[in-house]
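Inspection log for the structure reproduced underneath, given as structure tokens.
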Amino acid sequence: MKKIAYSILLLAALAAPLSAQSVSESDWGKTKNGEPVKMFTLKNSKGMTAKVITYGATLQSLTAPDRNGKFADVVFGFDKISDYETLNDYYGAIVGRYGNRIANGTFSIDGKEYKLTINNGPNSLHGGLVGFDQKVWKAEASKNNDSASVKLTIVSPDGDQGYPGNLTASVTYTLNNQNELIINYSAESDKPTVANLTNHSYFNLYGAGNGNILNHEVTINADKFTPVDETLIPTGELKDVENTPFDFRKPKPVGSRIDKSDEQLKFGGGYDHNFVLNKKSPNEMTLAARVYEPVSGRKMLIYTTEPGLQFYSGNFLKGTKGKGGKEYEYRYGMCFETQHFPDSPNQKDFPSTLLKPGTVYHSTTIFKF
């Protein structure tokens, strides 16, 4: 009888689903203008969690296991909404309408020039003075047998920060049971405009705030990168990475060449450059980068449909106090922003970021742990 009972229990356990993935919603304070902010917590069956707040459609937290199964939060963030409003470094935010820089904040469509707000030297960066990172998005959660998701939506009116067209954008974060965080982006406009959305998370696989990222081993699937001028605007050249500090085709510690005497490293204060990803066709999902942290054993793979990857080594971080009182010091985090190239609206040979009425902007990026 004991054997029969045990067999029944074993069959029931095998038939039962893994510990359920879930998504929950909670209040997360109000902005200085009184807008309510929500937090959505996604959990998978392996114990990973991703927390997303509606302010900036921001990835506030992401936990990942080390080689022994111990979890740590691997992205920068703050514990309260007021810090996101006053200490803005785009931590985990969705940036847009145009992620990265547009030279002199100007571009033309069909012969008409548009002037954007300027917020980065002479240039417009990450959507201008009040980009998508500083707005409260609408959100809707869902889940299925394998994943938990939250879809966030925003409407950017015609003329917002100088951009033409009423643009509706949505971003969906999905955490599945394969330890993948999938980010799907889409946008539509009623006038010709430009669009280039990305997530601006700062990663440290040893744990956010636990030291610098110089020992992380990075591999980037790119034979070329886009050199920049002193204001970090691409020159238009696609330069071979071979025999330069930008050759990450084989794993290299971030710090191994970051302080070499090199004009491009000087302009960026380190790495702050767009890499031209190797692709057979423009929109195919391909491996963009691998990141490995040898102390914890954590590894992250990045896949994307985008043609470019901005690798930024945290050169402008200045000791902001983040979650749990931890300091985010100089080069304590690094960004892997999947994207179209910086200043594409002014570079005819770069992949186009033009979005016309009746068409849909779409891209997907996967962070796999």
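Convention: chains lettered A, B, ... in structure tokens order; per-chain residue numbering from 1; ligands numbered from 1 as shown.
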
Could you list, as an mmCIF file with N, CA and C atoms, in the first residue's frame, every residue within 9 Å of Leu167 of chain A, counting only C-alpha atoms and ignoring same-chain residues fewer than 3 positions away?
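Wrote around.cif, looks like this:
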data_model
loop_
_atom_site.group_PDB
_atom_site.id
_atom_site.type_symbol
_atom_site.label_atom_id
_atom_site.label_comp_id
_atom_site.auth_asym_id
_atom_site.auth_seq_id
_atom_site.Cartn_x
_atom_site.Cartn_y
_atom_site.Cartn_z
ATOM 1 N N ARG A 97 11.587 59.468 -28.009
ATOM 2 C CA ARG A 97 11.312 58.713 -29.205
ATOM 3 C C ARG A 97 12.565 58.158 -29.874
ATOM 4 N N ILE A 154 2.291 54.315 -24.344
ATOM 5 C CA ILE A 154 2.353 55.765 -24.193
ATOM 6 C C ILE A 154 1.950 56.422 -25.506
ATOM 7 N N VAL A 155 1.323 57.588 -25.417
ATOM 8 C CA VAL A 155 0.981 58.379 -26.588
ATOM 9 C C VAL A 155 1.783 59.674 -26.523
ATOM 10 N N SER A 156 2.596 59.893 -27.545
ATOM 11 C CA SER A 156 3.422 61.096 -27.648
ATOM 12 C C SER A 156 2.794 62.008 -28.694
ATOM 13 N N PRO A 157 2.330 63.202 -28.294
ATOM 14 C CA PRO A 157 1.599 64.058 -29.234
ATOM 15 C C PRO A 157 2.495 64.685 -30.295
ATOM 16 N N ASP A 158 1.874 65.079 -31.384
ATOM 17 C CA ASP A 158 2.563 65.769 -32.470
ATOM 18 C C ASP A 158 3.318 66.976 -31.907
ATOM 19 N N PRO A 164 7.717 65.154 -35.155
ATOM 20 C CA PRO A 164 6.423 65.217 -35.841
ATOM 21 C C PRO A 164 5.583 63.972 -35.592
ATOM 22 N N ALA A 187 5.557 50.730 -32.457
ATOM 23 C CA ALA A 187 5.128 52.130 -32.522
ATOM 24 C C ALA A 187 4.469 52.403 -33.862
ATOM 25 N N GLU A 188 3.508 53.323 -33.830
ATOM 26 C CA GLU A 188 2.831 53.794 -35.035
ATOM 27 C C GLU A 188 2.661 55.302 -34.950
ATOM 28 N N SER A 189 2.657 55.959 -36.109
ATOM 29 C CA SER A 189 2.530 57.420 -36.165
ATOM 30 C C SER A 189 1.580 57.822 -37.281
ATOM 31 N N ASP A 190 0.906 58.980 -37.089
ATOM 32 C CA ASP A 190 0.010 59.462 -38.142
ATOM 33 C C ASP A 190 0.699 60.436 -39.102
ATOM 34 N N LYS A 191 1.987 60.705 -38.887
ATOM 35 C CA LYS A 191 2.801 61.504 -39.805
ATOM 36 C C LYS A 191 4.171 60.839 -39.929
ATOM 37 N N THR A 193 7.797 60.247 -39.301
ATOM 38 C CA THR A 193 8.615 60.639 -38.152
ATOM 39 C C THR A 193 9.799 59.682 -38.068
#

Next item on the list: Would you kindly return, as a ChimeraX atom specification, each protein, DNA or RNA residue with an atom no farther than 9 Å from any atom of segment 37-51 of chain A, considering only C-alpha atoms and excluding same-chain residues fewer than 4 positions away?
Entry: /A:18-31,55,58-65,71,73,81,136-137,139,141,146-150,173-179,181

Checklist line | Non-local contacts of Glu217 of chain A (7 Å; only C-alpha atoms; under 5 positions in same chain excluded) as a ChimeraX atom specification | finding: /A:251-254,291-293

Notebook entry, point to check: What gap, in Å, lies between atom CA of Leu309 of chain A and atom CA of Asn278 of chain A?
Noted result: 10.7 Å

Give me the residues of segment 239-332 of chain A that have any atom at most 12 Å from an atom of segment 341-351 of chain A; for each, the nearest atom pair and the distance in Å, rounded to one decimal. Use only C-alpha atoms, sort by chain and number, and format it as CSV.
residue,atom,partner,partner_atom,distance
A:Asp272,CA,A:Pro342,CA,11.2
A:His273,CA,A:Pro342,CA,9.1
A:Asn274,CA,A:Phe341,CA,6.6
A:Phe275,CA,A:Phe341,CA,8.5
A:Val276,CA,A:Phe341,CA,8.2
A:Leu277,CA,A:Phe341,CA,10.6
A:Pro282,CA,A:Pro351,CA,8.7
A:Asn283,CA,A:Pro351,CA,10.7
A:Glu306,CA,A:Phe341,CA,9.3
A:Pro307,CA,A:Phe341,CA,7.6
A:Gly308,CA,A:Phe341,CA,5.9
A:Leu309,CA,A:Phe341,CA,8.0
A:Gln310,CA,A:Phe341,CA,8.3
A:Phe311,CA,A:Phe341,CA,11.9
